[in-house]
>>> print(open('run.pdb').read())   # PDB, C-alpha atoms
MODEL        1
ATOM      1  CA  MET M1417     -12.535 -12.328-115.117
ATOM      2  CA  LEU M1418     -12.380  -8.559-115.654
ATOM      3  CA  ILE M1419     -13.014  -7.607-112.011
ATOM      4  CA  ASP M1420     -10.262  -9.969-110.865
ATOM      5  CA  LYS M1421      -7.811  -8.267-113.242
ATOM      6  CA  ILE M1422      -8.716  -4.847-111.881
ATOM      7  CA  LYS M1423      -8.410  -6.058-108.268
ATOM      8  CA  LEU M1424      -4.970  -7.507-109.002
ATOM      9  CA  ILE M1425      -3.730  -4.202-110.477
ATOM     10  CA  VAL M1426      -5.243  -2.119-107.664
ATOM     11  CA  THR M1427      -3.781  -4.436-105.006
ATOM     12  CA  PHE M1428      -0.330  -4.056-106.552
ATOM     13  CA  PHE M1429      -0.534  -0.254-106.429
ATOM     14  CA  LYS M1430      -1.822  -0.375-102.845
ATOM     15  CA  ARG M1431       1.111  -2.490-101.735
ATOM     16  CA  SER M1432       3.788  -0.599-103.639
ATOM     17  CA  THR M1433       4.524   2.937-102.497
ATOM     18  CA  ASN M1434       6.889   3.365-105.438
ATOM     19  CA  ALA M1435       4.182   2.456-107.969
ATOM     20  CA  THR M1436       1.665   4.711-106.242
ATOM     21  CA  GLU M1437       4.104   7.619-106.307
ATOM     22  CA  LYS M1438       4.689   7.132-110.050
ATOM     23  CA  LEU M1439       0.921   6.975-110.615
ATOM     24  CA  LEU M1440       0.473  10.317-108.849
ATOM     25  CA  ILE M1441       3.312  11.868-110.837
ATOM     26  CA  SER M1442       1.768  10.623-114.100
ATOM     27  CA  GLN M1443      -1.487  12.356-113.206
ATOM     28  CA  LYS M1444       0.316  15.619-112.419
ATOM     29  CA  ASN M1445       2.116  15.465-115.768
ATOM     30  CA  MET M1446      -1.264  15.089-117.469
ATOM     31  CA  GLY M1447      -2.609  18.138-115.651
ATOM     32  CA  LEU M1448      -4.943  16.072-113.469
ATOM     33  CA  GLU M1449      -5.624  16.257-109.761
ATOM     34  CA  PRO M1450      -3.635  13.385-108.196
ATOM     35  CA  LYS M1451      -5.831  10.580-106.906
ATOM     36  CA  LYS M1452      -5.168   7.075-105.616
ATOM     37  CA  LEU M1453      -6.848   3.888-106.746
ATOM     38  CA  ILE M1454      -9.609   2.478-104.531
ATOM     39  CA  GLN M1455      -9.565  -1.093-103.297
ATOM     40  CA  GLU M1456     -12.724  -3.201-103.199
ATOM     41  CA  VAL M1457     -13.909  -4.163 -99.696
ATOM     42  CA  SER M1458     -16.276  -7.125 -99.570
ATOM     43  CA  THR M1459     -18.132  -5.816 -96.493
ATOM     44  CA  ARG M1460     -18.678  -2.327 -97.905
ATOM     45  CA  TRP M1461     -21.604  -1.394-100.103
ATOM     46  CA  ASN M1462     -20.731  -0.008-103.533
ATOM     47  CA  SER M1463     -17.019  -0.694-103.095
ATOM     48  CA  THR M1464     -16.865  -2.494-106.473
ATOM     49  CA  PHE M1465     -18.419   0.537-108.140
ATOM     50  CA  TYR M1466     -15.953   2.903-106.451
ATOM     51  CA  MET M1467     -13.025   0.712-107.505
ATOM     52  CA  VAL M1468     -14.112   0.422-111.155
ATOM     53  CA  SER M1469     -15.171   4.065-111.401
ATOM     54  CA  ARG M1470     -11.791   5.357-110.120
ATOM     55  CA  PHE M1471      -9.950   2.833-112.311
ATOM     56  CA  VAL M1472     -11.747   4.163-115.407
ATOM     57  CA  GLU M1473     -11.170   7.771-114.314
ATOM     58  CA  LEU M1474      -7.406   7.155-114.113
ATOM     59  CA  GLN M1475      -7.235   5.004-117.261
ATOM     60  CA  ASP M1476      -4.466   6.923-119.061
ATOM     61  CA  ALA M1477      -2.405   7.378-115.907
ATOM     62  CA  VAL M1478      -2.697   3.670-115.033
ATOM     63  CA  LYS M1479      -1.649   2.607-118.549
ATOM     64  CA  THR M1480       1.363   4.941-118.501
ATOM     65  CA  THR M1481       2.494   3.894-115.015
ATOM     66  CA  ILE M1482       2.216   0.154-115.742
ATOM     67  CA  ALA M1483       4.329   0.667-118.880
ATOM     68  CA  LEU M1484       6.985   2.547-116.869
ATOM     69  CA  ILE M1485       7.317   0.104-113.970
ATOM     70  CA  ASN M1486       7.434  -2.859-116.388
ATOM     71  CA  LYS M1487       5.859  -5.307-113.969
ATOM     72  CA  ASN M1488       4.126  -8.546-114.876
ATOM     73  CA  LEU M1489       0.619  -7.144-114.399
ATOM     74  CA  PRO M1490      -2.552  -7.975-116.334
ATOM     75  CA  VAL M1491      -3.105  -5.770-119.374
ATOM     76  CA  LEU M1492      -6.645  -4.715-120.229
ATOM     77  CA  SER M1493      -7.676  -4.637-123.859
ATOM     78  CA  GLU M1494      -9.600  -1.718-125.323
ATOM     79  CA  GLU M1495     -12.740  -3.837-125.231
ATOM     80  CA  GLU M1496     -12.229  -4.510-121.518
ATOM     81  CA  TRP M1497     -11.712  -0.807-120.834
ATOM     82  CA  GLY M1498     -15.000  -0.205-122.655
ATOM     83  CA  LEU M1499     -16.688  -2.804-120.457
ATOM     84  CA  CYS M1500     -15.343  -1.030-117.366
ATOM     85  CA  LYS M1501     -16.851   2.260-118.511
ATOM     86  CA  GLU M1502     -20.231   0.672-119.186
ATOM     87  CA  LEU M1503     -20.143  -1.191-115.863
ATOM     88  CA  SER M1504     -19.460   2.071-114.054
ATOM     89  CA  THR M1505     -22.401   3.660-115.870
ATOM     90  CA  ILE M1506     -24.972   1.013-114.936
ATOM     91  CA  LEU M1507     -23.825   0.775-111.292
ATOM     92  CA  ARG M1508     -23.961   4.532-110.689
ATOM     93  CA  PRO M1509     -27.781   4.672-110.069
ATOM     94  CA  PHE M1510     -27.440   1.876-107.487
ATOM     95  CA  GLU M1511     -24.696   3.791-105.717
ATOM     96  CA  GLU M1512     -26.899   6.891-105.669
ATOM     97  CA  VAL M1513     -29.803   4.988-104.122
ATOM     98  CA  THR M1514     -27.793   3.135-101.474
ATOM     99  CA  SER M1515     -26.017   6.340-100.446
ATOM    100  CA  GLN M1516     -29.331   8.182-100.182
ATOM    101  CA  ILE M1517     -31.093   5.609 -98.008
ATOM    102  CA  SER M1518     -28.043   5.129 -95.776
ATOM    103  CA  GLY M1519     -28.261   8.665 -94.396
ATOM    104  CA  GLU M1520     -28.892   9.383 -90.731
ATOM    105  CA  ARG M1521     -29.614  13.124 -90.633
ATOM    106  CA  TYR M1522     -32.859  12.954 -92.584
ATOM    107  CA  VAL M1523     -35.872  10.670 -92.992
ATOM    108  CA  THR M1524     -35.029   7.649 -95.156
ATOM    109  CA  GLY M1525     -37.889   5.179 -94.649
ATOM    110  CA  SER M1526     -40.288   7.222 -96.770
ATOM    111  CA  GLN M1527     -37.830   7.169 -99.686
ATOM    112  CA  VAL M1528     -37.694   3.382-100.087
ATOM    113  CA  ILE M1529     -40.788   3.068-102.316
ATOM    114  CA  PRO M1530     -40.046   6.002-104.659
ATOM    115  CA  LEU M1531     -36.360   5.072-104.952
ATOM    116  CA  THR M1532     -37.185   1.414-105.654
ATOM    117  CA  ARG M1533     -39.662   2.425-108.325
ATOM    118  CA  GLY M1534     -37.177   4.882-109.816
ATOM    119  CA  LEU M1535     -34.368   2.318-109.835
ATOM    120  CA  MET M1536     -36.530  -0.246-111.626
ATOM    121  CA  SER M1537     -37.489   2.383-114.183
ATOM    122  CA  VAL M1538     -33.815   3.230-114.794
ATOM    123  CA  CYS M1539     -32.959  -0.456-115.273
ATOM    124  CA  LYS M1540     -35.718  -0.825-117.872
ATOM    125  CA  LYS M1541     -34.398   2.238-119.703
ATOM    126  CA  MET M1542     -30.863   0.809-119.657
ATOM    127  CA  GLN M1543     -32.172  -2.428-121.176
ATOM    128  CA  LYS M1544     -33.040  -0.446-124.306
ATOM    129  CA  GLU M1545     -29.555   1.050-124.626
ATOM    130  CA  PRO M1546     -26.912  -0.531-126.945
ATOM    131  CA  PHE M1547     -24.703  -1.899-124.163
ATOM    132  CA  LYS M1548     -22.465  -4.891-124.786
ATOM    133  CA  PRO M1549     -24.080  -8.339-124.239
ATOM    134  CA  VAL M1550     -22.183  -8.922-120.983
ATOM    135  CA  ILE M1551     -23.418  -5.614-119.564
ATOM    136  CA  GLN M1552     -26.960  -6.351-120.762
ATOM    137  CA  ASN M1553     -26.871  -9.613-118.807
ATOM    138  CA  ILE M1554     -25.776  -7.720-115.686
ATOM    139  CA  ILE M1555     -28.643  -5.242-116.139
ATOM    140  CA  ASN M1556     -31.138  -8.094-116.502
ATOM    141  CA  GLU M1557     -29.819  -9.762-113.350
ATOM    142  CA  LEU M1558     -29.972  -6.520-111.391
ATOM    143  CA  LEU M1559     -33.539  -5.854-112.483
ATOM    144  CA  HIS M1560     -34.585  -9.429-111.722
ATOM    145  CA  GLY M1561     -33.057  -9.168-108.244
ATOM    146  CA  LEU M1562     -34.867  -5.885-107.612
ATOM    147  CA  GLU M1563     -38.224  -7.249-108.697
ATOM    148  CA  LYS M1564     -37.793 -10.391-106.629
ATOM    149  CA  ARG M1565     -36.655  -8.709-103.417
ATOM    150  CA  MET M1566     -38.772  -5.573-103.555
ATOM    151  CA  GLU M1567     -42.026  -6.828-105.093
ATOM    152  CA  ASN M1568     -43.949  -6.483-101.812
ATOM    153  CA  VAL M1569     -42.311  -3.315-100.510
ATOM    154  CA  GLU M1570     -45.526  -1.308-100.951
ATOM    155  CA  HIS M1571     -47.335  -3.781 -98.665
ATOM    156  CA  SER M1572     -44.934  -3.097 -95.785
ATOM    157  CA  LYS M1573     -47.086  -1.064 -93.379
ATOM    158  CA  THR M1574     -44.085   0.606 -91.781
ATOM    159  CA  ILE M1575     -42.561   1.777 -95.073
ATOM    160  CA  ALA M1576     -45.905   2.541 -96.728
ATOM    161  CA  LEU M1577     -47.137   4.642 -93.796
ATOM    162  CA  ALA M1578     -43.883   6.631 -93.703
ATOM    163  CA  THR M1579     -44.275   7.287 -97.434
ATOM    164  CA  LEU M1580     -47.874   8.432 -97.011
ATOM    165  CA  LEU M1581     -46.840  10.806 -94.233
ATOM    166  CA  ASP M1582     -44.117  12.358 -96.377
ATOM    167  CA  PRO M1583     -45.574  15.527 -97.985
ATOM    168  CA  ARG M1584     -43.171  15.062-100.898
ATOM    169  CA  PHE M1585     -44.677  11.710-101.959
ATOM    170  CA  LYS M1586     -47.972  10.878-100.165
ATOM    171  CA  LEU M1587     -49.803   8.274-102.289
ATOM    172  CA  ALA M1588     -48.493   9.415-105.676
ATOM    173  CA  VAL M1589     -45.509   7.035-105.743
ATOM    174  CA  PHE M1590     -47.554   3.879-105.076
ATOM    175  CA  LYS M1591     -47.901   1.594-108.085
ATOM    176  CA  ASP M1592     -50.134  -1.032-106.457
ATOM    177  CA  GLU M1593     -53.672   0.333-106.057
ATOM    178  CA  THR M1594     -54.509  -2.302-103.418
ATOM    179  CA  ALA M1595     -51.516  -1.314-101.299
ATOM    180  CA  LYS M1596     -52.509   2.325-101.651
ATOM    181  CA  GLN M1597     -56.033   1.727-100.333
ATOM    182  CA  LEU M1598     -54.806  -0.534 -97.521
ATOM    183  CA  ILE M1599     -52.337   1.998 -96.163
ATOM    184  CA  LYS M1600     -54.929   4.744 -96.445
ATOM    185  CA  LYS M1601     -57.307   2.621 -94.355
ATOM    186  CA  THR M1602     -54.551   1.851 -91.823
ATOM    187  CA  CYS M1603     -53.712   5.535 -91.539
ATOM    188  CA  THR M1604     -57.374   6.402 -90.970
ATOM    189  CA  GLU M1605     -57.645   3.858 -88.148
ATOM    190  CA  LEU M1606     -54.505   5.191 -86.454
ATOM    191  CA  LEU M1607     -55.731   8.773 -86.765
ATOM    192  CA  ALA M1608     -59.113   7.793 -85.299
ATOM    193  CA  ALA M1609     -57.375   6.190 -82.320
ATOM    194  CA  ILE M1610     -55.289   9.329 -81.763
ATOM    195  CA  TRP M1611     -58.429  11.475 -82.045
ATOM    196  CA  THR M1612     -60.095   9.383 -79.326
ATOM    197  CA  GLU M1613     -57.096   9.723 -77.001
ATOM    198  CA  THR M1614     -56.904  13.461 -77.607
ATOM    199  CA  HIS M1615     -60.585  14.338 -77.290
ATOM    200  CA  GLY M1616     -61.831  11.608 -74.976
ATOM    201  CA  LYS M1617     -65.544  11.362 -74.237
ATOM    202  CA  PRO M1618     -67.432  14.424 -75.492
ATOM    203  CA  CYS M1619     -69.003  16.547 -72.786
ATOM    204  CA  THR M1620     -72.834  16.705 -72.813
ATOM    205  CA  ALA M1621     -75.555  18.241 -70.662
ATOM    206  CA  ASP M1622     -76.028  14.883 -68.912
ATOM    207  CA  ASP M1623     -72.483  15.110 -67.523
ATOM    208  CA  GLU M1624     -73.316  18.277 -65.612
ATOM    209  CA  GLU M1625     -75.533  18.445 -62.589
ATOM    210  CA  ILE M1626     -77.902  21.372 -62.963
ATOM    211  CA  GLY M1627     -78.948  21.163 -59.314
ATOM    212  CA  ASN M1628     -81.633  23.263 -57.681
ATOM    213  CA  THR M1629     -81.728  26.978 -57.189
ATOM    214  CA  GLN M1630     -81.213  26.874 -53.397
ATOM    215  CA  ASN M1631     -77.907  27.438 -51.659
ATOM    216  CA  LYS M1632     -76.716  25.706 -48.485
ATOM    217  CA  ASP M1633     -78.636  28.105 -46.270
ATOM    218  CA  GLY M1634     -81.902  27.230 -47.942
ATOM    219  CA  ASN M1635     -82.187  30.651 -49.526
ATOM    220  CA  VAL M1636     -82.749  31.209 -53.214
ATOM    221  CA  ASP M1637     -79.446  31.699 -55.048
ATOM    222  CA  SER M1638     -79.770  34.653 -57.399
ATOM    223  CA  ALA M1639     -76.727  33.453 -59.403
ATOM    224  CA  LYS M1640     -78.831  30.587 -60.716
ATOM    225  CA  PHE M1641     -81.086  32.937 -62.575
ATOM    226  CA  SER M1642     -78.772  33.572 -65.513
ATOM    227  CA  VAL M1643     -80.165  34.819 -68.808
ATOM    228  CA  TRP M1644     -77.685  32.465 -70.567
ATOM    229  CA  GLU M1645     -78.709  29.309 -68.680
ATOM    230  CA  ASP M1646     -81.329  28.216 -71.194
ATOM    231  CA  VAL M1647     -79.033  28.847 -74.153
ATOM    232  CA  ASP M1648     -76.129  27.010 -72.497
ATOM    233  CA  ASN M1649     -78.338  23.988 -71.809
ATOM    234  CA  ILE M1650     -79.575  23.876 -75.401
ATOM    235  CA  ILE M1651     -76.042  24.009 -76.825
ATOM    236  CA  ALA M1652     -74.808  21.406 -74.325
ATOM    237  CA  LYS M1653     -77.530  18.979 -75.479
ATOM    238  CA  GLU M1654     -76.510  19.343 -79.112
ATOM    239  CA  LYS M1655     -74.168  16.382 -79.602
ATOM    240  CA  PRO M1656     -71.702  16.589 -82.508
ATOM    241  CA  THR M1657     -72.815  14.548 -85.513
ATOM    242  CA  GLY M1658     -69.246  13.622 -86.540
ATOM    243  CA  THR M1659     -67.401  10.524 -85.349
ATOM    244  CA  LYS M1660     -63.750   9.814 -84.707
ATOM    245  CA  THR M1661     -63.515   8.055 -88.076
ATOM    246  CA  SER M1662     -65.082  10.924 -89.981
ATOM    247  CA  ALA M1663     -62.724  13.387 -88.277
ATOM    248  CA  ALA M1664     -59.764  11.224 -89.307
ATOM    249  CA  ILE M1665     -60.999  10.920 -92.899
ATOM    250  CA  VAL M1666     -61.580  14.664 -93.199
ATOM    251  CA  GLU M1667     -58.081  15.543 -91.986
ATOM    252  CA  LEU M1668     -56.412  12.851 -94.103
ATOM    253  CA  ASN M1669     -58.250  13.974 -97.240
ATOM    254  CA  ARG M1670     -57.318  17.605 -96.585
ATOM    255  CA  TYR M1671     -53.684  16.546 -96.279
ATOM    256  CA  LEU M1672     -53.815  14.493 -99.490
ATOM    257  CA  ASP M1673     -55.459  17.371-101.376
ATOM    258  CA  ASP M1674     -52.802  19.808-100.192
ATOM    259  CA  SER M1675     -49.976  20.672-102.605
ATOM    260  CA  TYR M1676     -46.878  18.477-102.674
ATOM    261  CA  LEU M1677     -43.642  19.581-101.066
ATOM    262  CA  GLY M1678     -40.580  19.903-103.318
ATOM    263  CA  ARG M1679     -38.448  16.761-103.443
ATOM    264  CA  LYS M1680     -35.370  18.535-102.067
ATOM    265  CA  LYS M1681     -37.287  20.272 -99.265
ATOM    266  CA  ASP M1682     -37.300  19.109 -95.621
ATOM    267  CA  PRO M1683     -40.474  17.137 -94.746
ATOM    268  CA  MET M1684     -39.833  17.440 -90.995
ATOM    269  CA  GLY M1685     -39.657  21.207 -91.330
ATOM    270  CA  TRP M1686     -42.929  21.150 -93.285
ATOM    271  CA  TRP M1687     -44.672  19.195 -90.519
ATOM    272  CA  LYS M1688     -43.348  21.582 -87.916
ATOM    273  CA  GLU M1689     -44.883  24.492 -89.803
ATOM    274  CA  ASN M1690     -48.185  22.683 -90.427
ATOM    275  CA  GLN M1691     -48.705  20.866 -87.125
ATOM    276  CA  HIS M1692     -51.591  23.181 -86.226
ATOM    277  CA  VAL M1693     -53.186  22.740 -89.653
ATOM    278  CA  TYR M1694     -53.138  18.944 -89.237
ATOM    279  CA  PRO M1695     -53.197  18.435 -85.446
ATOM    280  CA  ILE M1696     -54.101  14.727 -85.509
ATOM    281  CA  MET M1697     -51.719  13.771 -88.313
ATOM    282  CA  SER M1698     -48.833  15.676 -86.734
ATOM    283  CA  LYS M1699     -49.131  13.397 -83.682
ATOM    284  CA  LEU M1700     -49.022  10.345 -85.956
ATOM    285  CA  VAL M1701     -45.932  11.753 -87.689
ATOM    286  CA  LYS M1702     -44.090  11.878 -84.359
ATOM    287  CA  LEU M1703     -44.886   8.198 -83.812
ATOM    288  CA  LYS M1704     -44.498   6.639 -87.263
ATOM    289  CA  PHE M1705     -42.607   8.916 -89.642
ATOM    290  CA  ASN M1706     -39.029   8.699 -88.392
ATOM    291  CA  VAL M1707     -38.272   5.281 -89.875
ATOM    292  CA  MET M1708     -34.728   4.396 -90.941
ATOM    293  CA  ALA M1709     -34.497   2.460 -94.201
ATOM    294  CA  THR M1710     -31.283   0.600 -93.371
ATOM    295  CA  SER M1711     -29.160  -0.499 -90.424
ATOM    296  CA  VAL M1712     -26.223   1.610 -91.617
ATOM    297  CA  PRO M1713     -26.660   4.303 -88.894
ATOM    298  CA  CYS M1714     -26.504   1.544 -86.249
ATOM    299  CA  GLU M1715     -23.380   0.113 -87.828
ATOM    300  CA  ARG M1716     -21.795   3.562 -87.783
ATOM    301  CA  LEU M1717     -22.640   3.795 -84.090
ATOM    302  CA  PHE M1718     -20.895   0.478 -83.381
ATOM    303  CA  SER M1719     -17.852   1.718 -85.302
ATOM    304  CA  LYS M1720     -17.784   4.867 -83.159
ATOM    305  CA  ALA M1721     -18.047   2.723 -80.027
ATOM    306  CA  GLY M1722     -14.885   0.938 -81.118
ATOM    307  CA  ASN M1723     -13.076   4.289 -81.132
ATOM    308  CA  PHE M1724     -14.146   4.987 -77.551
ATOM    309  CA  LEU M1725     -13.712   1.562 -75.992
ATOM    310  CA  THR M1726     -10.029   0.881 -76.577
ATOM    311  CA  GLU M1727      -7.490  -1.000 -74.470
ATOM    312  CA  ARG M1728      -6.324   2.278 -72.967
ATOM    313  CA  ARG M1729      -9.892   3.188 -71.973
ATOM    314  CA  SER M1730     -11.098  -0.259 -70.945
ATOM    315  CA  ARG M1731     -12.298   0.955 -67.526
ATOM    316  CA  LEU M1732     -14.998   3.211 -68.951
ATOM    317  CA  SER M1733     -18.337   2.347 -67.365
ATOM    318  CA  SER M1734     -21.231   1.414 -69.645
ATOM    319  CA  LYS M1735     -23.101   4.550 -68.557
ATOM    320  CA  ARG M1736     -20.179   6.845 -69.394
ATOM    321  CA  ALA M1737     -19.638   5.091 -72.733
ATOM    322  CA  GLU M1738     -23.328   5.559 -73.555
ATOM    323  CA  GLN M1739     -23.096   9.267 -72.711
ATOM    324  CA  LEU M1740     -20.019   9.725 -74.921
ATOM    325  CA  LEU M1741     -21.720   7.953 -77.836
ATOM    326  CA  PHE M1742     -24.852  10.048 -77.394
ATOM    327  CA  LEU M1743     -22.900  13.307 -77.413
ATOM    328  CA  ASN M1744     -20.817  12.242 -80.393
ATOM    329  CA  GLY M1745     -23.876  11.147 -82.379
ATOM    330  CA  ASN M1746     -25.842  14.342 -81.684
ATOM    331  CA  LEU M1747     -23.024  16.856 -81.811
ATOM    332  CA  ASN M1748     -24.251  18.123 -85.187
ATOM    333  CA  LEU M1749     -27.500  19.306 -83.550
ATOM    334  CA  LEU M1750     -25.539  21.764 -81.417
ATOM    335  CA  GLN M1751     -23.660  23.265 -84.368
TER     336      GLN M1751
ENDMDL
END
>>> encode(input="run.pdb", output="structure tokens")
Amino acid sequence: MLIDKIKLIVTFFKRSTNATEKLLISQKNMGLEPKKLIQEVSTRWNSTFYMVSRFVELQDAVKTTIALINKNLPVLSEEEWGLCKELSTILRPFEEVTSQISGERYVTGSQVIPLTRGLMSVCKKMQKEPFKPVIQNIINELLHGLEKRMENVEHSKTIALATLLDPRFKLAVFKDETAKQLIKKTCTELLAAIWTETHGKPCTADDEEIGNTQNKDGNVDSAKFSVWEDVDNIIAKEKPTGTKTSAAIVELNRYLDDSYLGRKKDPMGWWKENQHVYPIMSKLVKLKFNVMATSVPCERLFSKAGNFLTERRSRLSSKRAEQLLFLNGNLNLLQ
């Protein structure tokens, strides 16, 4: 198997400092920036892509070094080198997507639907390209896996709502019309609930006690004879014709009709600037928008915890360890 051959060669260079040194020298002689080969790690996303991509990048240097050290290593044919290049090409979009949704300093949940749709579109385009049969089979398997695993992603309320609340995407990236209408309805209901909590029961004339015109001493209170009293009573009796649902629909439609934010712009910054334009929706954004697409940030946090809780610092209390992790994870906000 081609990947096994590559892994065997890479493992040899990783274990031999002499071979690695000769590989770096070969690159310098070719006028290239010296780089090391990358080993595949089964628990790391995209590690196969990184290994193959670097292997292809250093093709000439690897060939020259293997010839010089004269070791009994697998030799790749020109056809196999071509397969490596094509494999690197078709895996690159997947690496781009997984890297994008694994971020922790920006909103990622709202990018799941557009990135999934974009990745499927790229796979269908690659199917039309003249790749070798083996690579075509890999493309077909990748596309089939995407369609099987992500077919209902637009019906995930959490992901769909985050996408709707992202001014870069809104409802434009939804392919399923049913999912689009369902999340719009869900958003309207949530906005109506927030409107009710914010405004409460509307104040009417019945809530106020007009009282009589006498004060405690039994004398007529001249303050009661206001020229604005009649007008104030008339306005107080005029109940608003709108409902919480209509208020939610109006604000949601205004938001949807507003211009889209550029794809590379910051959606959180946009909401900060427009929170007074969309007061109800901005409250919903604080509750539902900050959704992480993957568990990668949590895994990074556990890795950081391992750096703090060592044998030499085993007496750290849980509270102090939590404080250190918090400071380390949010240090970038202070810079």
>>> closest_residue(input="run.pdb", among="M:Arg1729, M:His1560, M:Arg1716, M:Lys1487", to="M:Leu1535", atoms="only C-alpha atoms")
M:His1560
>>> atom_distance(input="run.pdb", atom1="atom CA of M:Leu1717", atom2="atom CA of M:Val1513")
21.3 Å
>>> resolve_selection(input="run.pdb", expression="the PyMOL selection byres ((chain M and resi 1437) around 12)", output="PyMOL selection string")
chain M and resi 1429-1436+1438-1444+1450-1453+1477-1478+1481+1485
>>> closest_residue(input="run.pdb", among="M:Ile1650, M:Ala1588, M:Ala1595, M:Ile1529", to="M:Met1566", atoms="only C-alpha atoms")
M:Ile1529
>>> closest_residue(input="run.pdb", among="M:Phe1742, M:Phe1585, M:Trp1611, M:Phe1724", to="M:Tyr1671", atoms="only C-alpha atoms")
M:Phe1585
>>> residues_around(input="run.pdb", residues="stretch 1720-1723 of chain M", least_positions_apart="6", cutoff="12 Å", atoms="all atoms listed in the file", output="list in words")
Pro1713, Cys1714, Arg1729, Ser1730, Leu1732, Ser1734, Arg1736, Ala1737, Glu1738, Gln1739, Leu1740, Leu1741, Phe1742, Leu1743, Asn1744 and Gly1745 of chain M
>>> resolve_selection(input="run.pdb", expression="the PyMOL selection byres ((chain M and resi 1582) around 12)", output="PyMOL selection string")
chain M and resi 1522-1530+1575-1581+1583-1589+1671-1672+1675-1679+1681-1687+1697-1698+1700-1701+1704-1707
>>> residues_around(input="run.pdb", residues="M:Glu1511", least_positions_apart="3", cutoff="9 Å", atoms="all atoms listed in the file", output="list in words")
Trp1461, Asn1462, Phe1465, Tyr1466, Leu1507, Arg1508, Thr1514, Ser1515 and Gln1516 of chain M
>>> atom_distance(input="run.pdb", atom1="atom CA of M:Met1467", atom2="atom CA of M:Glu1449")
17.4 Å
>>> atom_distance(input="run.pdb", atom1="atom CA of M:Thr1661", atom2="atom CA of M:Thr1612")
9.5 Å
>>> residues_around(input="run.pdb", residues="stretch 1537-1543 of chain M", least_positions_apart="3", cutoff="12 Å", atoms="all atoms listed in the file", output="count of residues only")
32
